[in-house]
Amino acid sequence: MLRLPTGPRMRPLTAIAAAIPLLAATACTGGDLSPGLSTVPPDRIAGVEYRAVSVEHDGAKVAYRYPAVPNAPALTREVRTVMAEAETEFMTARNAKDADDGPAELRQDAAFLAAAPDVLGVRVRTEHKGGPDPATTWTTRWYDAESGDVLPWTALLNGEDAVGALRAEVARVLRDDAGIAEEKLPKEFRSIKEHAAAPGAASPSPAEVDPRKAKKTAKKNAGSALADLGFDATGGLVVSLPPGSVSAEAAEQARGALLDGESRDGRRKGGALRVPIGGDAGAPLLSAFGERAAKAARKGAGGDGDEGSGKGEPVRVAAGGAKGAPPSSIDCGRVPCVALTFDDGPGDHTGKLLDSLDSYSAKATFYLLGQAVKGNEDVVRRMTRTGHETANHSWKHDDLAGKSGGAVADDMKRTDRVIEKAGGEPVRSMRPPYGSFNDTTAANVGHPVVLWDVDTLDWKHRSTKKTIRAAVDKSEPGSVVLFHDIHRPTVDAFPETLRKLHARGFHFVTVTELFDGELTDGKSYSRRK
C-alpha cells in the first residue's frame with residue numbers, strides 16, 4: 001500500500017482513497033476533497049483575468065490564453081513566455097524546408113494548482129493536434145510572492161537529492177503498488193531501486209530555496225516527467241505522467257489504475273496517470289517553499305476550510321516581494337520579437353490596419369502627429385484599448401533639429417497632451433520627423449528617442465510588394481520596423497507581412513515591451529541588442 005500523509009502537516013486520506021494506488025486524472029477544485037490533482041478555480045483569485053492570443057493561417061492554428069494576476073506580473077510574464085516559446089517552435093517547424101504543411105493546431109491553457117497570498121502555482125498545458133507528432137505536455141511554474149521570484153518545479157523540493165528521491169519513489173509506486181512491470185515503466189523510472197534520503201530532508205526546518213540552484217536543477221532535469229508536479233487536496237505530492245508514457249495495456253493491468261480523463265484518445269494512445277506520493281515519503285522531500293505551496297494547495301481545495309477554500313473572499317496575492325511590474329508581459333530575450341512602428345498617423349486607413357493587427361493578436365506602436373489626432377480621437381482610443389502603444393511624432397512633422405530647445409519642449413508637451421487625452425495612456429517615447437535630431441533636440445524632448453533598424457521605404461515607393469519584402473526579409477529578432485499607416489499600399493501589405501513574419505516565429509510587441517521598459521529620456525534606440 002502507499003504510505004499516506006499523517007501528522008500535523010498532512011491530513012489523512014479516506015480509507016477508500018487509501019486503497020487506490022494510482023489516482024484518476026480528475027482534478028479537484030474548491031471544496032472537493034476527493035483524491036487527484038488539486039486545482040483552484042480562477043474566480044478564487046482576486047482580480048485574475050485571462051488574456052487570449054489566436055492566429056490562424058496556412059493550415060496552422062495557434063490559440064492560447066494566459067492568466068494575469070494582480071501583484072504577480074513576473075508570473076504573468078513567465079507563463080506567457082513559456083507559451084510563446086512553444087508557439088515559435090511550432091511555427092518554425094512548419095516553416096522548415098521539408099516540413100509537413102498539412103493542417104495542425106497548437107492549443108495552450110493554464111490552470112492554477114495553488115493559491116495563497118504568498119504562493120501561486122500554475123500548470124501550463126500544451127497540445128499539438130495534427131501534424132507528424134501530435135502530443136500533449138504539461139509543465140508547472142510557482143510564484144513566491146515573498147521574493148517576487150518565479151520558480152520551476154524543483155523549487156518545491158529540498159535540493160537535487162530530493163529530486164532523485166522523488167524519482168525513486170515514483171518508480172516504486174508504479175512498480176510495486178501499481179504492478180507495472182519494470183520493462184513497461186517510462187524509461188526515466190526503470191532500474192531505480194532505492195535512493196538515499198536527501199541530507200537534512202527530514203529536518204523540521206527544510207531549506208529555503210535558492211532560485212538559481214532550483215533553476216539549474218530544473219535545467220539539468222529538462223524533459224523529466226517530474227516537471228508536472230503538484231499536490232492533492234491534502235497537500236500530498238502528485239506527479240502526473242503524460243499520455244503515452246505508460247501504455248494502455250500497462251495502465252489496464254495496474255491495480256486500481258485509471259486512465260486520464262483529459263485525453264479523449266487515452267485508451268488508444270496510452271493512459272496518463274496521477275502518481276500520489278504519500279506524506280511519509282513526500283513531506284520530507286519538500287523545501288520550505290514547497291511546504292508553503294502544499295499549504296496553499298490544501299487551502300485552494302478546501303482542505304483547511306479557510307482562505308481560498310471556495311468560501312469567503314477570494315485570495316489576494318501579496319505585493320510584498322513584487323519587484324515592480326515588468327513593462328512587458330513577454331520576455332523578448334527568450335523569444336524572437338519585433339516592434340512594428342507606424343509614423344504620421346492616424347490616417348484614413350489606420351482602422352483597417354488595426355483590424356489586420358487584431359487578427360494576429362499583434363501589438364504595435366504608433367508615432368502620432370498631434371494635428372492628425374484631432375478628429376481621430378476614436379481611432380486613438382481604439383489603439384490603447386486594444387493594447388497598442390501611442391507615442392509622439394511632433395505636432396505637424398517639423399524638423400526638430402532646426403528648433404530651439406524651448407520650441408522642441410513646447411512641441412512635445414502640446415503633442416503629448418492631445419495624444420494622452422484621446423487615448424488615456426501616457427506617451428512613453430518619441431520619434432523625430434525624418435529621424436532628424438541633435439543634442440539640443442535630445443535634451444528637450446522629454447522622452448526616449450526611438451529610431452529604427454528596418455526602413456521599408458514605403459513612403460517612397462508606395463508599393464505593397466516592396467513593403468512586404470523589406471519587412472519580412474530584413475527583420476531580425478529585436479528589430480524596430482518603420483512603416484507609415486497613412487499610405488494605403490502599406491496597410492494593404494499587412495495581412496501578408498504579418499503572415500510571413502508569424503511563420504518565421506516572430507512575436508509582435510510594442511517598443512516599450514521590446515526594450516523591457518529600459519529606455520532613457522534623450523537617449524536614442526534603433527533596435528534591441
# chains A, B, ... in the order shown; residues from 1 in each chain; ligands from 1

call {"tool": "select_by_dssp", "arguments": {"residues": "stretch 73-260 of chain A", "states": "strand (DSSP E or B)", "output": "CSV table (one decimal) with C-alpha atoms, in the first residue's frame"}}
result
chain,number,residue,atom,x,y,z
A,104,ALA,CA,-2.0,21.4,-37.5
A,105,GLU,CA,-3.1,23.1,-34.3
A,106,LEU,CA,-1.3,24.4,-31.2
A,107,ARG,CA,-3.5,25.0,-28.1
A,108,GLN,CA,-2.3,26.1,-24.7
A,109,ASP,CA,-4.0,27.0,-21.5
A,110,ALA,CA,-3.1,27.4,-17.8
A,111,ALA,CA,-4.8,26.3,-14.6
A,112,PHE,CA,-4.0,27.2,-11.0
A,113,LEU,CA,-2.6,24.5,-8.8
A,114,ALA,CA,-2.4,26.5,-5.6
A,115,ALA,CA,-3.3,30.0,-4.4
A,116,ALA,CA,-2.5,31.9,-1.3
A,119,VAL,CA,2.2,31.4,-3.2
A,120,LEU,CA,0.7,30.7,-6.6
A,121,GLY,CA,1.1,27.6,-8.7
A,122,VAL,CA,0.3,27.4,-12.4
A,123,ARG,CA,0.1,24.3,-14.7
A,124,VAL,CA,0.6,25.0,-18.4
A,125,ARG,CA,-1.0,22.6,-20.9
A,126,THR,CA,0.4,22.4,-24.4
A,127,GLU,CA,-1.5,20.4,-27.0
A,128,HIS,CA,-0.3,19.7,-30.6
A,129,LYS,CA,-3.0,18.4,-32.8
A,130,GLY,CA,-2.5,17.2,-36.4
A,135,ALA,CA,1.1,15.2,-28.3
A,136,THR,CA,0.0,16.9,-25.1
A,137,THR,CA,2.5,18.0,-22.5
A,138,TRP,CA,2.4,19.9,-19.2
A,139,THR,CA,4.8,22.0,-17.1
A,140,THR,CA,4.4,24.0,-13.9
A,141,ARG,CA,5.6,27.3,-12.6
A,142,TRP,CA,5.5,28.5,-9.0
A,143,TYR,CA,5.4,32.1,-7.8
A,144,ASP,CA,6.9,33.2,-4.4
A,149,ASP,CA,10.6,35.1,-7.9
A,150,VAL,CA,9.0,32.7,-10.5
A,151,LEU,CA,10.3,29.2,-9.7
A,157,LEU,CA,11.9,20.0,-3.3
A,229,LEU,CA,4.4,18.2,-10.2
A,230,GLY,CA,1.5,19.4,-8.0
A,231,PHE,CA,-0.4,18.4,-4.9
A,237,LEU,CA,2.7,15.4,-3.7
A,238,VAL,CA,1.2,14.2,-7.1
A,239,VAL,CA,3.3,13.5,-10.2
A,240,SER,CA,1.3,13.4,-13.4
A,241,LEU,CA,2.7,11.2,-16.2

call {"tool": "select_by_dssp", "arguments": {"residues": "stretch 24-267 of chain A", "states": "helix (DSSP H, G or I)", "output": "PyMOL selection string"}}
result
chain A and resi 42-44+73-95+153-156+160-177+182-184+187-189+211-220+225-227+248-253+266-267

call {"tool": "closest_residue", "arguments": {"among": "A:Gly522, A:Val380, A:Ala74, A:Gly131", "to": "A:Ala409", "atoms": "only C-alpha atoms"}}
result
A:Gly522

call {"tool": "residues_around", "arguments": {"residues": "A:Ala283", "least_positions_apart": "3", "cutoff": "8 Å", "atoms": "only C-alpha atoms", "output": "list in words"}}
result
Pro5, Gly236, Leu237, Gly278, Gly279, Asp280, Leu286 and Glu291 of chain A

call {"tool": "write_last_selection", "arguments": {"atoms": "C-alpha atoms", "output": "PDB file, in the first residue's frame"}}
result
ATOM      1  CA  PRO A   5       0.037  11.507   4.780  1.00  0.00           C
ATOM      2  CA  GLY A 236       0.426  15.458  -0.698  1.00  0.00           C
ATOM      3  CA  LEU A 237       2.690  15.434  -3.749  1.00  0.00           C
ATOM      4  CA  GLY A 278       2.190   9.758   0.479  1.00  0.00           C
ATOM      5  CA  GLY A 279       3.132  12.012   3.353  1.00  0.00           C
ATOM      6  CA  ASP A 280       5.759   9.705   4.853  1.00  0.00           C
ATOM      7  CA  LEU A 286       9.685  19.405   0.455  1.00  0.00           C
ATOM      8  CA  GLU A 291       5.667  23.353   2.364  1.00  0.00           C
TER       9      GLU A 291
END

call {"tool": "closest_residue", "arguments": {"among": "A:Thr440, A:Ser361, A:Asn376, A:Thr390", "to": "A:Gly406", "atoms": "only C-alpha atoms"}}
result
A:Thr440

call {"tool": "residues_around", "arguments": {"residues": "A:Ile419", "least_positions_apart": "3", "cutoff": "12 Å", "atoms": "only C-alpha atoms", "output": "PDB file with N, CA, C and O atoms, in the first residue's frame"}}
result
ATOM      1  N   GLY A 345       0.445  59.079 -38.552  1.00  0.00           N
ATOM      2  CA  GLY A 345      -0.997  58.928 -38.414  1.00  0.00           C
ATOM      3  C   GLY A 345      -1.526  59.639 -37.183  1.00  0.00           C
ATOM      4  O   GLY A 345      -0.809  60.419 -36.538  1.00  0.00           O
ATOM      5  N   PRO A 346      -2.797  59.329 -36.859  1.00  0.00           N
ATOM      6  CA  PRO A 346      -3.676  58.385 -37.569  1.00  0.00           C
ATOM      7  C   PRO A 346      -4.192  58.960 -38.882  1.00  0.00           C
ATOM      8  O   PRO A 346      -4.288  60.165 -39.059  1.00  0.00           O
ATOM      9  N   PHE A 366       2.403  53.365 -32.412  1.00  0.00           N
ATOM     10  CA  PHE A 366       2.012  54.404 -33.363  1.00  0.00           C
ATOM     11  C   PHE A 366       2.619  55.745 -32.954  1.00  0.00           C
ATOM     12  O   PHE A 366       2.314  56.268 -31.873  1.00  0.00           O
ATOM     13  N   TYR A 367       3.489  56.292 -33.822  1.00  0.00           N
ATOM     14  CA  TYR A 367       4.072  57.613 -33.597  1.00  0.00           C
ATOM     15  C   TYR A 367       3.164  58.636 -34.276  1.00  0.00           C
ATOM     16  O   TYR A 367       3.174  58.790 -35.502  1.00  0.00           O
ATOM     17  N   LEU A 368       2.369  59.298 -33.460  1.00  0.00           N
ATOM     18  CA  LEU A 368       1.266  60.120 -33.944  1.00  0.00           C
ATOM     19  C   LEU A 368       1.654  61.584 -34.067  1.00  0.00           C
ATOM     20  O   LEU A 368       2.414  62.128 -33.248  1.00  0.00           O
ATOM     21  N   LEU A 369       1.088  62.230 -35.077  1.00  0.00           N
ATOM     22  CA  LEU A 369       1.181  63.691 -35.199  1.00  0.00           C
ATOM     23  C   LEU A 369       0.043  64.314 -34.415  1.00  0.00           C
ATOM     24  O   LEU A 369      -1.115  63.898 -34.535  1.00  0.00           O
ATOM     25  N   GLY A 370       0.367  65.326 -33.622  1.00  0.00           N
ATOM     26  CA  GLY A 370      -0.660  65.959 -32.803  1.00  0.00           C
ATOM     27  C   GLY A 370      -1.809  66.485 -33.628  1.00  0.00           C
ATOM     28  O   GLY A 370      -2.988  66.300 -33.275  1.00  0.00           O
ATOM     29  N   GLN A 371      -1.513  67.114 -34.759  1.00  0.00           N
ATOM     30  CA  GLN A 371      -2.597  67.681 -35.568  1.00  0.00           C
ATOM     31  C   GLN A 371      -3.453  66.596 -36.210  1.00  0.00           C
ATOM     32  O   GLN A 371      -4.627  66.812 -36.498  1.00  0.00           O
ATOM     33  N   ALA A 372      -2.895  65.402 -36.415  1.00  0.00           N
ATOM     34  CA  ALA A 372      -3.659  64.311 -37.013  1.00  0.00           C
ATOM     35  C   ALA A 372      -4.590  63.646 -36.006  1.00  0.00           C
ATOM     36  O   ALA A 372      -5.570  62.999 -36.395  1.00  0.00           O
ATOM     37  N   VAL A 373      -4.274  63.796 -34.724  1.00  0.00           N
ATOM     38  CA  VAL A 373      -5.138  63.211 -33.695  1.00  0.00           C
ATOM     39  C   VAL A 373      -6.482  63.924 -33.669  1.00  0.00           C
ATOM     40  O   VAL A 373      -7.525  63.295 -33.429  1.00  0.00           O
ATOM     41  N   LYS A 374      -6.468  65.213 -33.934  1.00  0.00           N
ATOM     42  CA  LYS A 374      -7.706  65.988 -33.966  1.00  0.00           C
ATOM     43  C   LYS A 374      -8.691  65.400 -34.975  1.00  0.00           C
ATOM     44  O   LYS A 374      -8.387  65.257 -36.152  1.00  0.00           O
ATOM     45  N   GLY A 375      -9.841  65.002 -34.496  1.00  0.00           N
ATOM     46  CA  GLY A 375     -10.851  64.393 -35.348  1.00  0.00           C
ATOM     47  C   GLY A 375     -10.730  62.887 -35.469  1.00  0.00           C
ATOM     48  O   GLY A 375     -11.605  62.232 -36.030  1.00  0.00           O
ATOM     49  N   ASN A 376      -9.634  62.329 -34.942  1.00  0.00           N
ATOM     50  CA  ASN A 376      -9.434  60.876 -34.981  1.00  0.00           C
ATOM     51  C   ASN A 376      -9.282  60.300 -33.577  1.00  0.00           C
ATOM     52  O   ASN A 376      -8.641  59.258 -33.391  1.00  0.00           O
ATOM     53  N   GLU A 377      -9.870  60.970 -32.610  1.00  0.00           N
ATOM     54  CA  GLU A 377      -9.728  60.527 -31.223  1.00  0.00           C
ATOM     55  C   GLU A 377     -10.250  59.107 -31.008  1.00  0.00           C
ATOM     56  O   GLU A 377      -9.698  58.347 -30.210  1.00  0.00           O
ATOM     57  N   ASP A 378     -11.301  58.741 -31.746  1.00  0.00           N
ATOM     58  CA  ASP A 378     -11.848  57.394 -31.571  1.00  0.00           C
ATOM     59  C   ASP A 378     -10.859  56.334 -32.024  1.00  0.00           C
ATOM     60  O   ASP A 378     -10.778  55.244 -31.434  1.00  0.00           O
ATOM     61  N   VAL A 379     -10.083  56.618 -33.057  1.00  0.00           N
ATOM     62  CA  VAL A 379      -9.069  55.676 -33.530  1.00  0.00           C
ATOM     63  C   VAL A 379      -7.963  55.530 -32.484  1.00  0.00           C
ATOM     64  O   VAL A 379      -7.483  54.419 -32.218  1.00  0.00           O
ATOM     65  N   VAL A 380      -7.555  56.644 -31.896  1.00  0.00           N
ATOM     66  CA  VAL A 380      -6.508  56.600 -30.864  1.00  0.00           C
ATOM     67  C   VAL A 380      -6.999  55.824 -29.647  1.00  0.00           C
ATOM     68  O   VAL A 380      -6.257  55.030 -29.058  1.00  0.00           O
ATOM     69  N   ARG A 381      -8.259  56.031 -29.287  1.00  0.00           N
ATOM     70  CA  ARG A 381      -8.823  55.265 -28.165  1.00  0.00           C
ATOM     71  C   ARG A 381      -8.830  53.774 -28.477  1.00  0.00           C
ATOM     72  O   ARG A 381      -8.555  52.942 -27.601  1.00  0.00           O
ATOM     73  N   MET A 383      -6.713  52.228 -30.351  1.00  0.00           N
ATOM     74  CA  MET A 383      -5.318  51.767 -30.236  1.00  0.00           C
ATOM     75  C   MET A 383      -4.992  51.363 -28.808  1.00  0.00           C
ATOM     76  O   MET A 383      -4.508  50.249 -28.554  1.00  0.00           O
ATOM     77  N   THR A 384      -5.226  52.254 -27.887  1.00  0.00           N
ATOM     78  CA  THR A 384      -4.839  51.975 -26.497  1.00  0.00           C
ATOM     79  C   THR A 384      -5.736  50.913 -25.873  1.00  0.00           C
ATOM     80  O   THR A 384      -5.264  50.096 -25.073  1.00  0.00           O
ATOM     81  N   GLU A 389       0.542  50.832 -28.426  1.00  0.00           N
ATOM     82  CA  GLU A 389       1.206  51.935 -27.733  1.00  0.00           C
ATOM     83  C   GLU A 389       1.144  53.188 -28.599  1.00  0.00           C
ATOM     84  O   GLU A 389       1.362  53.128 -29.822  1.00  0.00           O
ATOM     85  N   THR A 390       0.828  54.311 -27.984  1.00  0.00           N
ATOM     86  CA  THR A 390       0.804  55.586 -28.705  1.00  0.00           C
ATOM     87  C   THR A 390       1.990  56.430 -28.264  1.00  0.00           C
ATOM     88  O   THR A 390       2.317  56.495 -27.086  1.00  0.00           O
ATOM     89  N   ALA A 391       2.638  57.080 -29.250  1.00  0.00           N
ATOM     90  CA  ALA A 391       3.868  57.817 -28.983  1.00  0.00           C
ATOM     91  C   ALA A 391       3.881  59.110 -29.791  1.00  0.00           C
ATOM     92  O   ALA A 391       3.016  59.341 -30.641  1.00  0.00           O
ATOM     93  N   ASN A 392       4.882  59.931 -29.547  1.00  0.00           N
ATOM     94  CA  ASN A 392       4.928  61.309 -30.056  1.00  0.00           C
ATOM     95  C   ASN A 392       5.793  61.408 -31.310  1.00  0.00           C
ATOM     96  O   ASN A 392       6.940  60.971 -31.318  1.00  0.00           O
ATOM     97  N   HIS A 393       5.226  62.011 -32.367  1.00  0.00           N
ATOM     98  CA  HIS A 393       5.967  62.239 -33.616  1.00  0.00           C
ATOM     99  C   HIS A 393       5.954  63.722 -33.987  1.00  0.00           C
ATOM    100  O   HIS A 393       6.088  64.067 -35.164  1.00  0.00           O
ATOM    101  N   SER A 394       5.772  64.565 -32.991  1.00  0.00           N
ATOM    102  CA  SER A 394       5.700  66.032 -33.107  1.00  0.00           C
ATOM    103  C   SER A 394       4.283  66.484 -33.490  1.00  0.00           C
ATOM    104  O   SER A 394       3.423  65.658 -33.820  1.00  0.00           O
ATOM    105  N   TRP A 395       4.082  67.776 -33.453  1.00  0.00           N
ATOM    106  CA  TRP A 395       2.748  68.297 -33.746  1.00  0.00           C
ATOM    107  C   TRP A 395       2.415  68.229 -35.222  1.00  0.00           C
ATOM    108  O   TRP A 395       1.363  67.722 -35.614  1.00  0.00           O
ATOM    109  N   MET A 412       6.647  69.064 -27.965  1.00  0.00           N
ATOM    110  CA  MET A 412       6.441  67.753 -27.343  1.00  0.00           C
ATOM    111  C   MET A 412       5.276  67.791 -26.350  1.00  0.00           C
ATOM    112  O   MET A 412       4.410  66.901 -26.347  1.00  0.00           O
ATOM    113  N   LYS A 413       5.253  68.784 -25.500  1.00  0.00           N
ATOM    114  CA  LYS A 413       4.202  68.864 -24.475  1.00  0.00           C
ATOM    115  C   LYS A 413       2.821  69.026 -25.112  1.00  0.00           C
ATOM    116  O   LYS A 413       1.844  68.418 -24.672  1.00  0.00           O
ATOM    117  N   ARG A 414       2.747  69.861 -26.134  1.00  0.00           N
ATOM    118  CA  ARG A 414       1.463  70.071 -26.808  1.00  0.00           C
ATOM    119  C   ARG A 414       0.970  68.771 -27.434  1.00  0.00           C
ATOM    120  O   ARG A 414      -0.214  68.410 -27.309  1.00  0.00           O
ATOM    121  N   THR A 415       1.884  68.051 -28.082  1.00  0.00           N
ATOM    122  CA  THR A 415       1.507  66.794 -28.732  1.00  0.00           C
ATOM    123  C   THR A 415       1.169  65.725 -27.705  1.00  0.00           C
ATOM    124  O   THR A 415       0.199  64.960 -27.873  1.00  0.00           O
ATOM    125  N   ASP A 416       1.961  65.643 -26.632  1.00  0.00           N
ATOM    126  CA  ASP A 416       1.671  64.682 -25.560  1.00  0.00           C
ATOM    127  C   ASP A 416       0.252  64.868 -25.038  1.00  0.00           C
ATOM    128  O   ASP A 416      -0.484  63.888 -24.836  1.00  0.00           O
ATOM    129  N   ALA A 422      -6.736  61.777 -25.816  1.00  0.00           N
ATOM    130  CA  ALA A 422      -7.513  60.909 -26.719  1.00  0.00           C
ATOM    131  C   ALA A 422      -7.425  59.446 -26.309  1.00  0.00           C
ATOM    132  O   ALA A 422      -8.432  58.730 -26.319  1.00  0.00           O
ATOM    133  N   GLY A 423      -6.231  58.986 -25.957  1.00  0.00           N
ATOM    134  CA  GLY A 423      -6.040  57.556 -25.706  1.00  0.00           C
ATOM    135  C   GLY A 423      -6.107  57.150 -24.260  1.00  0.00           C
ATOM    136  O   GLY A 423      -6.294  55.965 -23.951  1.00  0.00           O
ATOM    137  N   GLY A 424      -5.909  58.099 -23.353  1.00  0.00           N
ATOM    138  CA  GLY A 424      -5.976  57.776 -21.934  1.00  0.00           C
ATOM    139  C   GLY A 424      -4.754  57.069 -21.395  1.00  0.00           C
ATOM    140  O   GLY A 424      -4.778  56.568 -20.266  1.00  0.00           O
ATOM    141  N   GLU A 425      -3.694  57.002 -22.166  1.00  0.00           N
ATOM    142  CA  GLU A 425      -2.459  56.360 -21.725  1.00  0.00           C
ATOM    143  C   GLU A 425      -1.291  57.327 -21.899  1.00  0.00           C
ATOM    144  O   GLU A 425      -1.284  58.154 -22.810  1.00  0.00           O
ATOM    145  N   PRO A 426      -0.267  57.225 -21.032  1.00  0.00           N
ATOM    146  CA  PRO A 426       0.881  58.132 -21.151  1.00  0.00           C
ATOM    147  C   PRO A 426       1.716  57.854 -22.388  1.00  0.00           C
ATOM    148  O   PRO A 426       1.819  56.708 -22.842  1.00  0.00           O
ATOM    149  N   VAL A 427       2.307  58.889 -22.923  1.00  0.00           N
ATOM    150  CA  VAL A 427       3.254  58.761 -24.028  1.00  0.00           C
ATOM    151  C   VAL A 427       4.590  58.301 -23.445  1.00  0.00           C
ATOM    152  O   VAL A 427       5.101  58.895 -22.502  1.00  0.00           O
ATOM    153  N   ARG A 428       5.175  57.240 -24.018  1.00  0.00           N
ATOM    154  CA  ARG A 428       6.388  56.659 -23.434  1.00  0.00           C
ATOM    155  C   ARG A 428       7.642  56.865 -24.284  1.00  0.00           C
ATOM    156  O   ARG A 428       8.751  56.585 -23.815  1.00  0.00           O
ATOM    157  N   MET A 430       9.298  59.007 -28.197  1.00  0.00           N
ATOM    158  CA  MET A 430       9.058  59.894 -29.334  1.00  0.00           C
ATOM    159  C   MET A 430       9.962  59.476 -30.486  1.00  0.00           C
ATOM    160  O   MET A 430      10.969  58.796 -30.301  1.00  0.00           O
TER     161      MET A 430
END

call {"tool": "residues_around", "arguments": {"residues": "A:Gly435", "least_positions_apart": "4", "cutoff": "9 Å", "atoms": "only C-alpha atoms", "output": "ChimeraX atom specification"}}
result
/A:399,431,450-452

call {"tool": "write_last_selection", "arguments": {"atoms": "C-alpha atoms", "output": "short mmCIF file (atom, residue, chain, number, x, y, z; two decimals), in the first residue's frame"}}
result
data_model
loop_
_atom_site.label_atom_id
_atom_site.label_comp_id
_atom_site.auth_asym_id
_atom_site.auth_seq_id
_atom_site.Cartn_x
_atom_site.Cartn_y
_atom_site.Cartn_z
CA ASP A 399 12.32 69.12 -38.43
CA ARG A 431 10.38 59.69 -32.88
CA VAL A 450 13.21 55.71 -30.90
CA LEU A 451 14.51 55.32 -34.44
CA TRP A 452 14.54 52.06 -36.47
#

call {"tool": "atom_distance", "arguments": {"atom1": "atom CA of A:Thr512", "atom2": "atom CA of A:Arg212"}}
result
27.3 Å

call {"tool": "closest_residue", "arguments": {"among": "A:Leu156, A:Ala401, A:Ile192, A:Val209", "to": "A:Pro284", "atoms": "only C-alpha atoms"}}
result
A:Leu156

call {"tool": "closest_residue", "arguments": {"among": "A:Gly347, A:Gly179, A:Pro432, A:Pro134", "to": "A:His397", "atoms": "only C-alpha atoms"}}
result
A:Pro432

call {"tool": "residues_around", "arguments": {"residues": "stretch 76-80 of chain A", "least_positions_apart": "5", "cutoff": "7 Å", "atoms": "only C-alpha atoms", "output": "list in words"}}
result
Tyr66, Pro67, Ala68, Val69, Ser329, Ile330 and Asp331 of chain A

call {"tool": "write_last_selection", "arguments": {"atoms": "N, CA, C and O atoms", "output": "JSON list (two decimals), in the first residue's frame"}}
result
[["chain", "number", "residue", "atom", "x", "y", "z"],
["A", 66, "TYR", "N", -3.46, 33.04, -21.24],
["A", 66, "TYR", "CA", -2.62, 33.02, -20.06],
["A", 66, "TYR", "C", -3.21, 33.95, -19.00],
["A", 66, "TYR", "O", -3.84, 34.96, -19.32],
["A", 67, "PRO", "N", -3.02, 33.63, -17.73],
["A", 67, "PRO", "CA", -3.61, 34.43, -16.67],
["A", 67, "PRO", "C", -2.73, 35.63, -16.30],
["A", 67, "PRO", "O", -1.51, 35.53, -16.25],
["A", 68, "ALA", "N", -3.38, 36.74, -16.03],
["A", 68, "ALA", "CA", -2.71, 37.92, -15.50],
["A", 68, "ALA", "C", -3.24, 38.14, -14.08],
["A", 68, "ALA", "O", -4.44, 38.32, -13.89],
["A", 69, "VAL", "N", -2.34, 38.08, -13.11],
["A", 69, "VAL", "CA", -2.73, 38.16, -11.71],
["A", 69, "VAL", "C", -2.20, 39.46, -11.11],
["A", 69, "VAL", "O", -1.00, 39.74, -11.20],
["A", 329, "SER", "N", 4.85, 41.78, -20.93],
["A", 329, "SER", "CA", 4.29, 40.51, -20.49],
["A", 329, "SER", "C", 4.90, 39.35, -21.26],
["A", 329, "SER", "O", 4.39, 38.24, -21.23],
["A", 330, "ILE", "N", 6.01, 39.62, -21.95],
["A", 330, "ILE", "CA", 6.72, 38.56, -22.69],
["A", 330, "ILE", "C", 8.21, 38.88, -22.62],
["A", 330, "ILE", "O", 8.61, 40.04, -22.63],
["A", 331, "ASP", "N", 9.03, 37.85, -22.53],
["A", 331, "ASP", "CA", 10.48, 38.02, -22.43],
["A", 331, "ASP", "C", 11.09, 37.92, -23.83],
["A", 331, "ASP", "O", 11.28, 36.82, -24.36]]

call {"tool": "closest_residue", "arguments": {"among": "A:Val163, A:Ile277, A:Asp58, A:Glu208", "to": "A:Ser224", "atoms": "only C-alpha atoms"}}
result
A:Val163

call {"tool": "atom_distance", "arguments": {"atom1": "atom CA of A:Pro276", "atom2": "atom CA of A:Val315"}}
result
26.3 Å

call {"tool": "closest_residue", "arguments": {"among": "A:Val511, A:Val480, A:Ala171, A:Ala493", "to": "A:Val275", "atoms": "only C-alpha atoms"}}
result
A:Ala171
